[in-house]
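In what follows, a single structure is set out as structure tokens and then discussed.
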There are 2 protein chains.
Amino acid sequence: MATISDVAAKAGVSTATVSRALNGKSTVDPELAARVVAAASELGYHPNGLARNLRRQETAVLALIISDVENPFFTAIARGVEDVAQTAGYSVVLCNSDENEEKERRYVDVAVQERVAGVVLSPTGGATNVDVLHSRGTPVVAVDRPLPGATGDLVNVDTRLAAQEAATHLIEAGYRRVGCISGPAGIRTADDRLAGYRDAVRAAGHPDGAARVRRAEYRAAGARDATLDLLDAAEPPDALLVANSAQAIGVLEALSLREQRPGRDVGVVAFDDVPWATLVDPPLSVVAQPAYEIGRVAAELLLARIADSSRVPTTTTLGARLIARHSSRRHG
Amino acid sequence: MATISDVAAKAGVSTATVSRALNGKSTVDPELAARVVAAASELGYHPNGLARNLRRQETAVLALIISDVENPFFTAIARGVEDVAQTAGYSVVLCNSDENEEKERRYVDVAVQERVAGVVLSPTGGATNVDVLHSRGTPVVAVDRPLPGATGDLVNVDTRLAAQEAATHLIEAGYRRVGCISGPAGIRTADDRLAGYRDAVRAAGHPDGAARVRRAEYRAAGARDATLDLLDAAEPPDALLVANSAQAIGVLEALSLREQRPGRDVGVVAFDDVPWATLVDPPLSVVAQPAYEIGRVAAELLLARIADSSRVPTTTTLGARLIARHSSRRHG
DNA sequence: CTGAAAGCGCTAACAA
DNA sequence: TTGTTAGCGCTTTCAG
């Protein structure tokens, strides 16, 4: 493990000169610089980032703590964050909190201990330690869901409105008993989507929809069971608003098991425009969220806050887009 | 930013005692320990991981450099790695090389500069700098594809064999002009799957299949174009082996555009058992790779190598499983 | 333009 | 059991 002083010795200069030469900071005699570079490459020298960061009191890495690596919505956010971070010279490390408070806590700890320059996270929403980021002065921007403390930047979509529009779309398409499969209570997007659904049902003057609402984890299996449960009830729903794309898989499975055809028998609109939405039969109607854009904006906000910590916190709400395909049409 | 000496001052002890008390290493007088803990929490003290790691010359973080965060195959590997890392007390940071040599190089640099304890990566295969990991003594295990240098542990599947079996399955199902959509030349899995396809076609004594082979990026769009190209040719294929699940989306889109029904008109088998495989019509036949398992084994190997760097490098080849659904049946 | 020297925050010998 | 001290490898004043 060659160190800076090995390089200095080999080049016959001081460590300060090596540092200057390699970082291209202040000017160094070209000939010396050449000697340094040569010595460094001969020794296979790689600066010790730990020491450098300790000295500089800063790190060019951003942490991105997301709640599900297997959800295309979050991986698209990741690409957005990554693309802007790259161009600004930051690396981004992804941490998968897995919708688990314990893991989120753990990764937040790692982030502050490793003194990352900033963190983007989609909070699980529980009683976690995100406040330490705040109290440590680590810049944070929340995506998809607000931070419990409510301070700090946030980039999200108006998911309640989007859910309301989607439910209204189903109602206008002629479905009479619109139901909803949403995520666990406490997860903000799940609560909001359910609220939006209720807004729509209420506005349409439909009878109590509570009996047609189920909550399940943001996974296929839970949603499948919940849907079967609903379908087997006395007055089953004739349409479903589904809060998440993994859940959509479970819902479609359940429909298939009960031989209900999406659209004709049971209208379906699901959140997130997954790549396979057009491949299922009939094509799935979705609420498309601008995930990549969320990541992009979040990273820009984060960089701005790193540069100027006194910025006043902002909330950026992006719009979602309803894409009506055939799973929300009764005919055709 | 409270430091260890702030805590020491507040508790009226030395920094060494603080360190010992907080790390629970050697025994400390219970009363002093209590004072230290109290002081630390009052000050909101979080140890500086940079300093600690610099001193200890080690870091409890693993880097996982994968070539596509949006590919379920790789995210499943990530979960496997993460699960074993967690239980061993390591954090894992995910880096997305995006099938891009430049990015891979960059993340490898970050990994050595930050002195991570080890790295798991799926090499793009180009002329990159993975050798620096080796020369720096950073433990590495490759997943999915071998390291160019060929040294080091590897966890993969016998993808050539799997491809051959899948192509043979199509042939046995009665398809006569089996074609193949594979990934870019140079990416090992793409080359291997193509080779496996050729093994099968040759073994069956089918005429030259070269005209029914296309390479495209591991993305939907390229595969769609390639498939359209194939379908519009003089003697179009009546079946396709598809090397990647993102490509499968493009293939199915192309088939739909040309009004060819999977199975009946064109048999299809694709790599990776994605969650939506059973939802498309007809259900998609796939080659299921044990992705989670790959990640698990890779992480275990990595930890073993961190503990004992003299271990002899091993290659673990896991089996893939053909799941025949209806897209590879001509009737029914 | 270059070198000497201090010190980032922490841990691990070594003494007491 | 506790404190003193010496660095880990690097960057950055401050002199020269």
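Note on naming: chains are A, B, ... as they come in the structure tokens, residues start from 1 per chain, ligands start from 1 in the order shown.
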
Residues of chain D near chain B: apply a cut-off of 12 Å, count only C-alpha atoms (C1' of nucleotides), and supply the list as JSON, numbers by chain. {"D": [1, 2, 3, 4, 5, 6, 7, 8, 9, 10]}

Atoms kept (N, CA, C and O atoms (P, O5', C5', C4', C3', O3' and C1' of nucleotides)) for selection, written as an mmCIF file, in the first residue's frame:
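Result file is out-v5.cif:
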data_model
loop_
_atom_site.group_PDB
_atom_site.id
_atom_site.type_symbol
_atom_site.label_atom_id
_atom_site.label_comp_id
_atom_site.auth_asym_id
_atom_site.auth_seq_id
_atom_site.Cartn_x
_atom_site.Cartn_y
_atom_site.Cartn_z
ATOM 1 P P DT D 1 -10.579 -3.696 35.135
ATOM 2 O "O5'" DT D 1 -10.922 -2.184 34.805
ATOM 3 C "C5'" DT D 1 -11.511 -1.405 35.780
ATOM 4 C "C4'" DT D 1 -10.670 -0.169 35.961
ATOM 5 C "C3'" DT D 1 -10.921 0.904 34.896
ATOM 6 O "O3'" DT D 1 -11.404 2.065 35.558
ATOM 7 C "C1'" DT D 1 -8.576 0.532 35.243
ATOM 8 P P DT D 2 -11.950 3.240 34.749
ATOM 9 O "O5'" DT D 2 -10.672 4.073 34.321
ATOM 10 C "C5'" DT D 2 -10.174 5.078 35.167
ATOM 11 C "C4'" DT D 2 -8.849 5.560 34.634
ATOM 12 C "C3'" DT D 2 -8.951 6.452 33.406
ATOM 13 O "O3'" DT D 2 -8.811 7.800 33.848
ATOM 14 C "C1'" DT D 2 -7.079 4.967 33.328
ATOM 15 P P DG D 3 -8.933 8.983 32.832
ATOM 16 O "O5'" DG D 3 -7.403 9.197 32.427
ATOM 17 C "C5'" DG D 3 -6.473 9.552 33.435
ATOM 18 C "C4'" DG D 3 -5.086 9.637 32.843
ATOM 19 C "C3'" DG D 3 -4.955 10.637 31.692
ATOM 20 O "O3'" DG D 3 -3.770 11.398 31.900
ATOM 21 C "C1'" DG D 3 -4.185 8.495 31.009
ATOM 22 P P DT D 4 -3.446 12.630 31.014
ATOM 23 O "O5'" DT D 4 -2.098 12.194 30.299
ATOM 24 C "C5'" DT D 4 -1.273 11.197 30.902
ATOM 25 C "C4'" DT D 4 -0.126 10.862 29.950
ATOM 26 C "C3'" DT D 4 0.117 11.895 28.841
ATOM 27 O "O3'" DT D 4 1.521 11.963 28.610
ATOM 28 C "C1'" DT D 4 -0.379 9.806 27.864
ATOM 29 P P DT D 5 2.146 12.941 27.551
ATOM 30 O "O5'" DT D 5 2.242 11.988 26.295
ATOM 31 C "C5'" DT D 5 2.997 10.769 26.400
ATOM 32 C "C4'" DT D 5 2.986 10.036 25.073
ATOM 33 C "C3'" DT D 5 3.189 10.943 23.856
ATOM 34 O "O3'" DT D 5 4.093 10.294 22.993
ATOM 35 C "C1'" DT D 5 1.292 9.603 23.551
ATOM 36 P P DA D 6 4.914 11.113 21.942
ATOM 37 O "O5'" DA D 6 4.888 10.108 20.709
ATOM 38 C "C5'" DA D 6 4.934 8.693 20.960
ATOM 39 C "C4'" DA D 6 4.166 7.960 19.863
ATOM 40 C "C3'" DA D 6 4.371 8.543 18.461
ATOM 41 O "O3'" DA D 6 4.525 7.470 17.566
ATOM 42 C "C1'" DA D 6 2.079 8.422 18.939
ATOM 43 P P DG D 7 5.270 7.706 16.209
ATOM 44 O "O5'" DG D 7 4.421 8.972 15.661
ATOM 45 C "C5'" DG D 7 3.868 8.927 14.347
ATOM 46 C "C4'" DG D 7 2.853 7.788 14.222
ATOM 47 C "C3'" DG D 7 2.087 7.873 12.911
ATOM 48 O "O3'" DG D 7 2.039 6.610 12.313
ATOM 49 C "C1'" DG D 7 0.586 8.015 14.760
ATOM 50 P P DC D 8 2.180 6.456 10.769
ATOM 51 O "O5'" DC D 8 0.700 6.088 10.293
ATOM 52 C "C5'" DC D 8 0.109 4.827 10.543
ATOM 53 C "C4'" DC D 8 -1.321 4.901 10.068
ATOM 54 C "C3'" DC D 8 -1.503 5.656 8.761
ATOM 55 O "O3'" DC D 8 -1.604 4.706 7.701
ATOM 56 C "C1'" DC D 8 -3.087 6.387 10.443
ATOM 57 P P DG D 9 -0.558 4.733 6.505
ATOM 58 O "O5'" DG D 9 -1.069 5.977 5.643
ATOM 59 C "C5'" DG D 9 -2.357 5.930 5.065
ATOM 60 C "C4'" DG D 9 -2.713 7.315 4.571
ATOM 61 C "C3'" DG D 9 -1.702 7.921 3.596
ATOM 62 O "O3'" DG D 9 -2.407 8.276 2.428
ATOM 63 C "C1'" DG D 9 -2.268 9.459 5.299
ATOM 64 P P DC D 10 -1.778 9.034 1.220
ATOM 65 O "O5'" DC D 10 -2.299 10.504 1.474
ATOM 66 C "C5'" DC D 10 -3.700 10.768 1.310
ATOM 67 C "C4'" DC D 10 -4.070 12.040 2.024
ATOM 68 C "C3'" DC D 10 -3.599 13.315 1.345
ATOM 69 O "O3'" DC D 10 -4.659 13.801 0.533
ATOM 70 C "C1'" DC D 10 -3.360 13.383 3.749
#

What are the residues of chain C that have an atom within 8 Å of an atom of chain A, counting only C-alpha atoms (C1' of nucleotides), as a PDB file with N, CA and C atoms (P, O5', C5', C4', C3', O3' and C1' of nucleotides), in the first residue's frame?
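To be explicit, this is the file written out as result.pdb:
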ATOM      1  P    DC C   1       4.779  28.859 -10.239  1.00  0.00           P
ATOM      2  O5'  DC C   1       6.003  28.546  -9.266  1.00  0.00           O
ATOM      3  C5'  DC C   1       7.129  27.867  -9.809  1.00  0.00           C
ATOM      4  C4'  DC C   1       7.926  27.272  -8.685  1.00  0.00           C
ATOM      5  C3'  DC C   1       7.369  25.942  -8.147  1.00  0.00           C
ATOM      6  O3'  DC C   1       8.453  25.025  -8.063  1.00  0.00           O
ATOM      7  C1'  DC C   1       7.694  27.458  -6.361  1.00  0.00           C
ATOM      8  P    DT C   2       8.303  23.481  -7.830  1.00  0.00           P
ATOM      9  O5'  DT C   2       8.651  23.352  -6.296  1.00  0.00           O
ATOM     10  C5'  DT C   2      10.021  23.424  -5.907  1.00  0.00           C
ATOM     11  C4'  DT C   2      10.082  23.491  -4.400  1.00  0.00           C
ATOM     12  C3'  DT C   2       9.600  22.236  -3.687  1.00  0.00           C
ATOM     13  O3'  DT C   2      10.754  21.586  -3.149  1.00  0.00           O
ATOM     14  C1'  DT C   2       8.898  24.236  -2.601  1.00  0.00           C
ATOM     15  P    DG C   3      10.554  20.138  -2.444  1.00  0.00           P
ATOM     16  O5'  DG C   3      10.561  20.577  -0.913  1.00  0.00           O
ATOM     17  C5'  DG C   3      11.677  21.308  -0.432  1.00  0.00           C
ATOM     18  C4'  DG C   3      11.466  21.652   1.025  1.00  0.00           C
ATOM     19  C3'  DG C   3      11.072  20.465   1.910  1.00  0.00           C
ATOM     20  O3'  DG C   3      11.782  20.589   3.144  1.00  0.00           O
ATOM     21  C1'  DG C   3       9.453  22.180   2.099  1.00  0.00           C
ATOM     22  P    DC C   8      -7.001  19.356  14.950  1.00  0.00           P
ATOM     23  O5'  DC C   8      -8.149  18.739  14.055  1.00  0.00           O
ATOM     24  C5'  DC C   8      -8.602  19.375  12.856  1.00  0.00           C
ATOM     25  C4'  DC C   8      -9.100  18.286  11.914  1.00  0.00           C
ATOM     26  C3'  DC C   8      -9.719  17.117  12.656  1.00  0.00           C
ATOM     27  O3'  DC C   8     -11.128  17.297  12.690  1.00  0.00           O
ATOM     28  C1'  DC C   8      -8.160  16.373  10.942  1.00  0.00           C
ATOM     29  P    DG C   9     -11.909  17.443  14.033  1.00  0.00           P
ATOM     30  O5'  DG C   9     -12.059  15.933  14.505  1.00  0.00           O
ATOM     31  C5'  DG C   9     -12.790  15.033  13.693  1.00  0.00           C
ATOM     32  C4'  DG C   9     -12.460  13.629  14.132  1.00  0.00           C
ATOM     33  C3'  DG C   9     -12.730  13.348  15.603  1.00  0.00           C
ATOM     34  O3'  DG C   9     -13.640  12.269  15.664  1.00  0.00           O
ATOM     35  C1'  DG C   9     -10.581  12.560  14.966  1.00  0.00           C
TER      36       DG C   9
END

Could you make a table, as a tab-separated table, of the residues of chain A that have an atom within 7 Å of an atom of chain B, each with its nearest atom pair and distance in Å to one decimal, counting only C-alpha atoms, in chain and number order?
residue	atom	partner	partner_atom	distance
A:Met1	CA	B:Arg136	CA	6.6
A:His46	CA	B:Gln113	CA	6.6
A:Pro47	CA	B:Gln113	CA	6.2
A:Asn48	CA	B:Gln113	CA	5.2
A:Gly49	CA	B:Gln113	CA	4.6
A:Leu50	CA	B:Leu50	CA	5.6
A:Ala51	CA	B:Leu54	CA	6.2
A:Leu54	CA	B:Leu50	CA	5.8
A:Val69	CA	B:Thr75	CA	6.2
A:Glu70	CA	B:Thr75	CA	5.9
A:Pro72	CA	B:Glu70	CA	6.6
A:Thr75	CA	B:Glu70	CA	5.9
A:Val93	CA	B:Val93	CA	5.1
A:Leu94	CA	B:Leu94	CA	4.7
A:Cys95	CA	B:Val93	CA	5.9
A:Gln113	CA	B:Gly49	CA	4.6
A:Glu114	CA	B:Gly49	CA	4.9
A:Arg136	CA	B:Met1	CA	6.6
A:Ile249	CA	B:Trp276	CA	6.6
A:Trp276	CA	B:Ile249	CA	6.6
A:Leu279	CA	B:Val280	CA	5.9
A:Val280	CA	B:Val280	CA	4.4
A:Asp281	CA	B:Asp281	CA	6.1

What would the file look like if the residues just selected were written as a PDB file, in the first residue's frame with N, CA, C and O atoms?
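Final output, out-v7.pdb:
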ATOM      1  N   MET A   1       0.833  -1.213   0.000  1.00  0.00           N
ATOM      2  CA  MET A   1       0.000   0.000   0.000  1.00  0.00           C
ATOM      3  C   MET A   1       0.862   1.255   0.000  1.00  0.00           C
ATOM      4  O   MET A   1       1.211   1.804   1.056  1.00  0.00           O
ATOM      5  N   HIS A  46      -2.513   4.968  -5.038  1.00  0.00           N
ATOM      6  CA  HIS A  46      -3.883   5.493  -5.039  1.00  0.00           C
ATOM      7  C   HIS A  46      -4.069   6.243  -3.742  1.00  0.00           C
ATOM      8  O   HIS A  46      -3.947   5.643  -2.680  1.00  0.00           O
ATOM      9  N   PRO A  47      -4.376   7.528  -3.813  1.00  0.00           N
ATOM     10  CA  PRO A  47      -4.520   8.293  -2.576  1.00  0.00           C
ATOM     11  C   PRO A  47      -5.517   7.637  -1.642  1.00  0.00           C
ATOM     12  O   PRO A  47      -6.493   7.045  -2.086  1.00  0.00           O
ATOM     13  N   ASN A  48      -5.272   7.724  -0.377  1.00  0.00           N
ATOM     14  CA  ASN A  48      -6.180   7.191   0.621  1.00  0.00           C
ATOM     15  C   ASN A  48      -7.295   8.192   0.865  1.00  0.00           C
ATOM     16  O   ASN A  48      -7.099   9.225   1.491  1.00  0.00           O
ATOM     17  N   GLY A  49      -8.458   7.848   0.333  1.00  0.00           N
ATOM     18  CA  GLY A  49      -9.604   8.761   0.429  1.00  0.00           C
ATOM     19  C   GLY A  49      -9.998   9.040   1.861  1.00  0.00           C
ATOM     20  O   GLY A  49     -10.470  10.128   2.200  1.00  0.00           O
ATOM     21  N   LEU A  50      -9.813   8.042   2.730  1.00  0.00           N
ATOM     22  CA  LEU A  50     -10.160   8.231   4.127  1.00  0.00           C
ATOM     23  C   LEU A  50      -9.355   9.381   4.715  1.00  0.00           C
ATOM     24  O   LEU A  50      -9.893  10.281   5.353  1.00  0.00           O
ATOM     25  N   ALA A  51      -8.058   9.335   4.489  1.00  0.00           N
ATOM     26  CA  ALA A  51      -7.181  10.366   5.039  1.00  0.00           C
ATOM     27  C   ALA A  51      -7.511  11.717   4.412  1.00  0.00           C
ATOM     28  O   ALA A  51      -7.585  12.738   5.098  1.00  0.00           O
ATOM     29  N   LEU A  54     -10.745  12.992   5.784  1.00  0.00           N
ATOM     30  CA  LEU A  54     -10.599  13.377   7.187  1.00  0.00           C
ATOM     31  C   LEU A  54      -9.976  14.767   7.249  1.00  0.00           C
ATOM     32  O   LEU A  54     -10.385  15.621   8.008  1.00  0.00           O
ATOM     33  N   VAL A  69     -35.199  -1.553  -3.433  1.00  0.00           N
ATOM     34  CA  VAL A  69     -34.422  -1.627  -4.689  1.00  0.00           C
ATOM     35  C   VAL A  69     -35.122  -2.365  -5.777  1.00  0.00           C
ATOM     36  O   VAL A  69     -34.731  -2.269  -6.931  1.00  0.00           O
ATOM     37  N   GLU A  70     -36.099  -3.161  -5.425  1.00  0.00           N
ATOM     38  CA  GLU A  70     -36.735  -3.958  -6.469  1.00  0.00           C
ATOM     39  C   GLU A  70     -37.924  -3.243  -7.096  1.00  0.00           C
ATOM     40  O   GLU A  70     -38.549  -3.781  -7.985  1.00  0.00           O
ATOM     41  N   PRO A  72     -39.257  -0.521  -9.500  1.00  0.00           N
ATOM     42  CA  PRO A  72     -38.780   0.298 -10.626  1.00  0.00           C
ATOM     43  C   PRO A  72     -38.921   1.798 -10.368  1.00  0.00           C
ATOM     44  O   PRO A  72     -38.147   2.588 -10.885  1.00  0.00           O
ATOM     45  N   THR A  75     -35.779   2.674  -8.505  1.00  0.00           N
ATOM     46  CA  THR A  75     -34.543   2.570  -9.293  1.00  0.00           C
ATOM     47  C   THR A  75     -34.494   3.676 -10.331  1.00  0.00           C
ATOM     48  O   THR A  75     -33.410   4.159 -10.673  1.00  0.00           O
ATOM     49  N   VAL A  93     -23.931   6.372  -3.443  1.00  0.00           N
ATOM     50  CA  VAL A  93     -24.067   5.021  -2.941  1.00  0.00           C
ATOM     51  C   VAL A  93     -25.514   4.793  -2.565  1.00  0.00           C
ATOM     52  O   VAL A  93     -26.146   5.630  -1.955  1.00  0.00           O
ATOM     53  N   LEU A  94     -25.996   3.642  -2.991  1.00  0.00           N
ATOM     54  CA  LEU A  94     -27.394   3.305  -2.795  1.00  0.00           C
ATOM     55  C   LEU A  94     -27.543   2.422  -1.580  1.00  0.00           C
ATOM     56  O   LEU A  94     -26.822   1.449  -1.430  1.00  0.00           O
ATOM     57  N   CYS A  95     -28.492   2.726  -0.736  1.00  0.00           N
ATOM     58  CA  CYS A  95     -28.740   1.879   0.410  1.00  0.00           C
ATOM     59  C   CYS A  95     -30.205   1.484   0.378  1.00  0.00           C
ATOM     60  O   CYS A  95     -31.072   2.306   0.134  1.00  0.00           O
ATOM     61  N   GLN A 113     -21.781   8.757  10.015  1.00  0.00           N
ATOM     62  CA  GLN A 113     -20.438   8.341  10.444  1.00  0.00           C
ATOM     63  C   GLN A 113     -19.431   8.472   9.325  1.00  0.00           C
ATOM     64  O   GLN A 113     -18.285   8.851   9.547  1.00  0.00           O
ATOM     65  N   GLU A 114     -19.849   8.149   8.132  1.00  0.00           N
ATOM     66  CA  GLU A 114     -18.921   8.258   7.011  1.00  0.00           C
ATOM     67  C   GLU A 114     -18.869   9.688   6.478  1.00  0.00           C
ATOM     68  O   GLU A 114     -18.159   9.970   5.523  1.00  0.00           O
ATOM     69  N   ARG A 136     -26.889  17.144  12.801  1.00  0.00           N
ATOM     70  CA  ARG A 136     -25.471  17.106  12.426  1.00  0.00           C
ATOM     71  C   ARG A 136     -25.180  18.062  11.285  1.00  0.00           C
ATOM     72  O   ARG A 136     -24.056  18.188  10.847  1.00  0.00           O
ATOM     73  N   ILE A 249     -49.246  -6.646  -9.761  1.00  0.00           N
ATOM     74  CA  ILE A 249     -49.006  -8.025 -10.175  1.00  0.00           C
ATOM     75  C   ILE A 249     -49.911  -8.975  -9.404  1.00  0.00           C
ATOM     76  O   ILE A 249     -50.576  -9.841  -9.981  1.00  0.00           O
ATOM     77  N   TRP A 276     -43.822  -3.337 -18.545  1.00  0.00           N
ATOM     78  CA  TRP A 276     -44.641  -4.436 -19.056  1.00  0.00           C
ATOM     79  C   TRP A 276     -46.126  -4.078 -19.096  1.00  0.00           C
ATOM     80  O   TRP A 276     -46.956  -4.920 -19.451  1.00  0.00           O
ATOM     81  N   LEU A 279     -47.940  -4.941 -22.165  1.00  0.00           N
ATOM     82  CA  LEU A 279     -47.820  -6.323 -22.642  1.00  0.00           C
ATOM     83  C   LEU A 279     -48.891  -7.235 -22.078  1.00  0.00           C
ATOM     84  O   LEU A 279     -49.137  -8.312 -22.609  1.00  0.00           O
ATOM     85  N   VAL A 280     -49.473  -6.830 -20.973  1.00  0.00           N
ATOM     86  CA  VAL A 280     -50.493  -7.700 -20.410  1.00  0.00           C
ATOM     87  C   VAL A 280     -51.776  -7.498 -21.201  1.00  0.00           C
ATOM     88  O   VAL A 280     -51.939  -6.520 -21.925  1.00  0.00           O
ATOM     89  N   ASP A 281     -52.665  -8.456 -21.023  1.00  0.00           N
ATOM     90  CA  ASP A 281     -53.895  -8.419 -21.810  1.00  0.00           C
ATOM     91  C   ASP A 281     -55.080  -8.286 -20.882  1.00  0.00           C
ATOM     92  O   ASP A 281     -55.327  -9.183 -20.077  1.00  0.00           O
TER      93      ASP A 281
END

Can you list, as a compact mmCIF listing (two decimals) with all heavy atoms, in the first residue's frame, every protein, DNA or RNA residue that comes within 12 Å of B:Leu43 when you count only C-alpha atoms (C1' of nucleotides), leaving out same-chain residues fewer than 5 positions away?
# COMPACT_ATOMS: atom_id res chain seq x y z
N VAL A 132 -31.05 13.09 13.36
CA VAL A 132 -29.60 13.26 13.59
C VAL A 132 -28.94 13.89 12.37
O VAL A 132 -27.99 14.65 12.50
CB VAL A 132 -28.86 11.96 13.98
CG1 VAL A 132 -29.65 11.15 14.98
CG2 VAL A 132 -28.51 11.12 12.77
N SER A 135 -29.58 17.47 12.85
CA SER A 135 -28.81 18.09 13.93
C SER A 135 -27.31 18.06 13.63
O SER A 135 -26.55 18.86 14.14
CB SER A 135 -29.11 17.40 15.26
OG SER A 135 -28.68 16.07 15.23
N ARG A 136 -26.89 17.14 12.80
CA ARG A 136 -25.47 17.11 12.43
C ARG A 136 -25.18 18.06 11.28
O ARG A 136 -24.06 18.19 10.85
CB ARG A 136 -25.08 15.70 11.95
CG ARG A 136 -25.13 14.64 13.02
CD ARG A 136 -24.18 14.93 14.14
NE ARG A 136 -22.88 15.30 13.63
CZ ARG A 136 -21.73 14.88 14.10
NH1 ARG A 136 -21.71 14.06 15.11
NH2 ARG A 136 -20.61 15.29 13.59
N MET B 1 -20.29 19.96 15.46
CA MET B 1 -19.75 18.61 15.29
C MET B 1 -18.90 18.22 16.50
O MET B 1 -17.70 18.44 16.54
CB MET B 1 -18.87 18.56 14.04
CG MET B 1 -19.63 18.66 12.73
SD MET B 1 -20.35 17.10 12.22
CE MET B 1 -19.79 17.05 10.50
N ALA B 2 -19.56 17.65 17.44
CA ALA B 2 -18.84 17.24 18.64
C ALA B 2 -17.81 16.15 18.33
O ALA B 2 -18.10 15.24 17.55
CB ALA B 2 -19.83 16.71 19.68
N THR B 3 -16.64 16.27 18.93
CA THR B 3 -15.61 15.26 18.72
C THR B 3 -15.42 14.47 20.00
O THR B 3 -16.01 14.79 21.03
CB THR B 3 -14.27 15.90 18.34
OG1 THR B 3 -13.72 16.50 19.52
CG2 THR B 3 -14.45 16.94 17.26
N ILE B 4 -14.54 13.50 19.87
CA ILE B 4 -14.33 12.64 21.02
C ILE B 4 -13.75 13.43 22.18
O ILE B 4 -14.01 13.12 23.35
CB ILE B 4 -13.41 11.45 20.64
CG1 ILE B 4 -13.51 10.36 21.70
CG2 ILE B 4 -11.97 11.91 20.45
CD1 ILE B 4 -12.79 9.08 21.31
N SER B 5 -12.98 14.46 21.90
CA SER B 5 -12.38 15.21 23.01
C SER B 5 -13.41 16.12 23.70
O SER B 5 -13.28 16.39 24.88
CB SER B 5 -11.16 16.00 22.55
OG SER B 5 -11.34 16.49 21.26
N ASP B 6 -14.41 16.52 22.94
CA ASP B 6 -15.49 17.27 23.59
C ASP B 6 -16.16 16.38 24.63
O ASP B 6 -16.43 16.80 25.76
CB ASP B 6 -16.54 17.72 22.56
CG ASP B 6 -15.95 18.68 21.53
OD1 ASP B 6 -15.02 19.42 21.90
OD2 ASP B 6 -16.41 18.66 20.37
N VAL B 7 -16.41 15.17 24.20
CA VAL B 7 -17.05 14.22 25.11
C VAL B 7 -16.15 13.96 26.31
O VAL B 7 -16.61 13.95 27.47
CB VAL B 7 -17.35 12.89 24.38
CG1 VAL B 7 -17.98 11.89 25.35
CG2 VAL B 7 -18.27 13.14 23.20
N ALA B 8 -14.87 13.78 26.03
CA ALA B 8 -13.92 13.51 27.11
C ALA B 8 -13.92 14.66 28.11
O ALA B 8 -13.99 14.44 29.32
CB ALA B 8 -12.52 13.32 26.51
N ALA B 9 -13.88 15.87 27.59
CA ALA B 9 -13.86 17.04 28.46
C ALA B 9 -15.12 17.08 29.31
O ALA B 9 -15.07 17.23 30.53
CB ALA B 9 -13.74 18.31 27.61
N LYS B 10 -16.24 16.90 28.67
CA LYS B 10 -17.52 16.98 29.37
C LYS B 10 -17.64 15.91 30.45
O LYS B 10 -18.22 16.14 31.52
CB LYS B 10 -18.66 16.82 28.37
CG LYS B 10 -20.03 16.95 29.02
CD LYS B 10 -21.00 17.70 28.13
CE LYS B 10 -22.20 18.16 28.91
NZ LYS B 10 -22.87 19.28 28.22
N ALA B 11 -17.09 14.72 30.14
CA ALA B 11 -17.20 13.63 31.10
C ALA B 11 -16.05 13.66 32.10
O ALA B 11 -16.04 12.88 33.06
CB ALA B 11 -17.24 12.30 30.37
N VAL B 36 -19.63 8.90 30.48
CA VAL B 36 -19.26 9.06 29.07
C VAL B 36 -20.50 8.98 28.18
O VAL B 36 -20.72 9.84 27.32
CB VAL B 36 -18.25 7.99 28.64
CG1 VAL B 36 -18.11 7.96 27.13
CG2 VAL B 36 -16.91 8.24 29.31
N VAL B 37 -21.28 7.97 28.41
CA VAL B 37 -22.48 7.79 27.59
C VAL B 37 -23.39 9.01 27.71
O VAL B 37 -23.92 9.52 26.71
CB VAL B 37 -23.24 6.52 28.01
CG1 VAL B 37 -24.58 6.45 27.32
CG2 VAL B 37 -22.40 5.28 27.70
N ALA B 38 -23.55 9.48 28.92
CA ALA B 38 -24.40 10.64 29.14
C ALA B 38 -23.86 11.85 28.37
O ALA B 38 -24.59 12.53 27.65
CB ALA B 38 -24.47 10.95 30.63

Using DSSP on the backbone, list every residue of stretch 283-325 of chain B that comes out as alpha helix (DSSP H), and give them as a PyMOL selection string. chain B and resi 291-307

For atom CA of B:Val242 and atom CA of B:Ala298, quote the distance in Å rounded to one decimal.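 These atoms are spaced 25.9 Å apart.
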
Atom CA of B:Ala195 to atom CA of B:Ala320, straight-line distance in Å: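 Spanning atom CA of B:Ala320 to atom CA of B:Ala195 is a straight-line distance of 16.1 Å.
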
I need the residues of stretch 289-330 of chain A that end up classed as strand (DSSP E or B) by DSSP on the backbone, written out as a PyMOL selection string. chain A and resi 315-318+321-323

Residues within 6 Å of A:Gly118, please, as a list in words. Count only C-alpha atoms (C1' of nucleotides); anything in the same chain fewer than 6 positions from it doesn't count.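 So the residues in contact are Leu62, Thr138, Pro139 and Val140 of chain A.
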
Output the selection as an mmCIF file, in the first residue's frame - N, CA and C atoms for each residue.
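What ended up in again.cif:
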data_model
loop_
_atom_site.group_PDB
_atom_site.id
_atom_site.type_symbol
_atom_site.label_atom_id
_atom_site.label_comp_id
_atom_site.auth_asym_id
_atom_site.auth_seq_id
_atom_site.Cartn_x
_atom_site.Cartn_y
_atom_site.Cartn_z
ATOM 1 N N LEU A 62 -22.637 11.014 -2.117
ATOM 2 C CA LEU A 62 -24.003 11.210 -1.652
ATOM 3 C C LEU A 62 -24.581 9.847 -1.322
ATOM 4 N N THR A 138 -26.073 17.595 8.230
ATOM 5 C CA THR A 138 -25.947 16.921 6.941
ATOM 6 C C THR A 138 -27.145 17.290 6.067
ATOM 7 N N PRO A 139 -26.894 17.835 4.906
ATOM 8 C CA PRO A 139 -28.010 18.191 4.025
ATOM 9 C C PRO A 139 -28.818 16.951 3.638
ATOM 10 N N VAL A 140 -30.107 17.109 3.617
ATOM 11 C CA VAL A 140 -31.007 15.993 3.303
ATOM 12 C C VAL A 140 -32.082 16.469 2.364
#
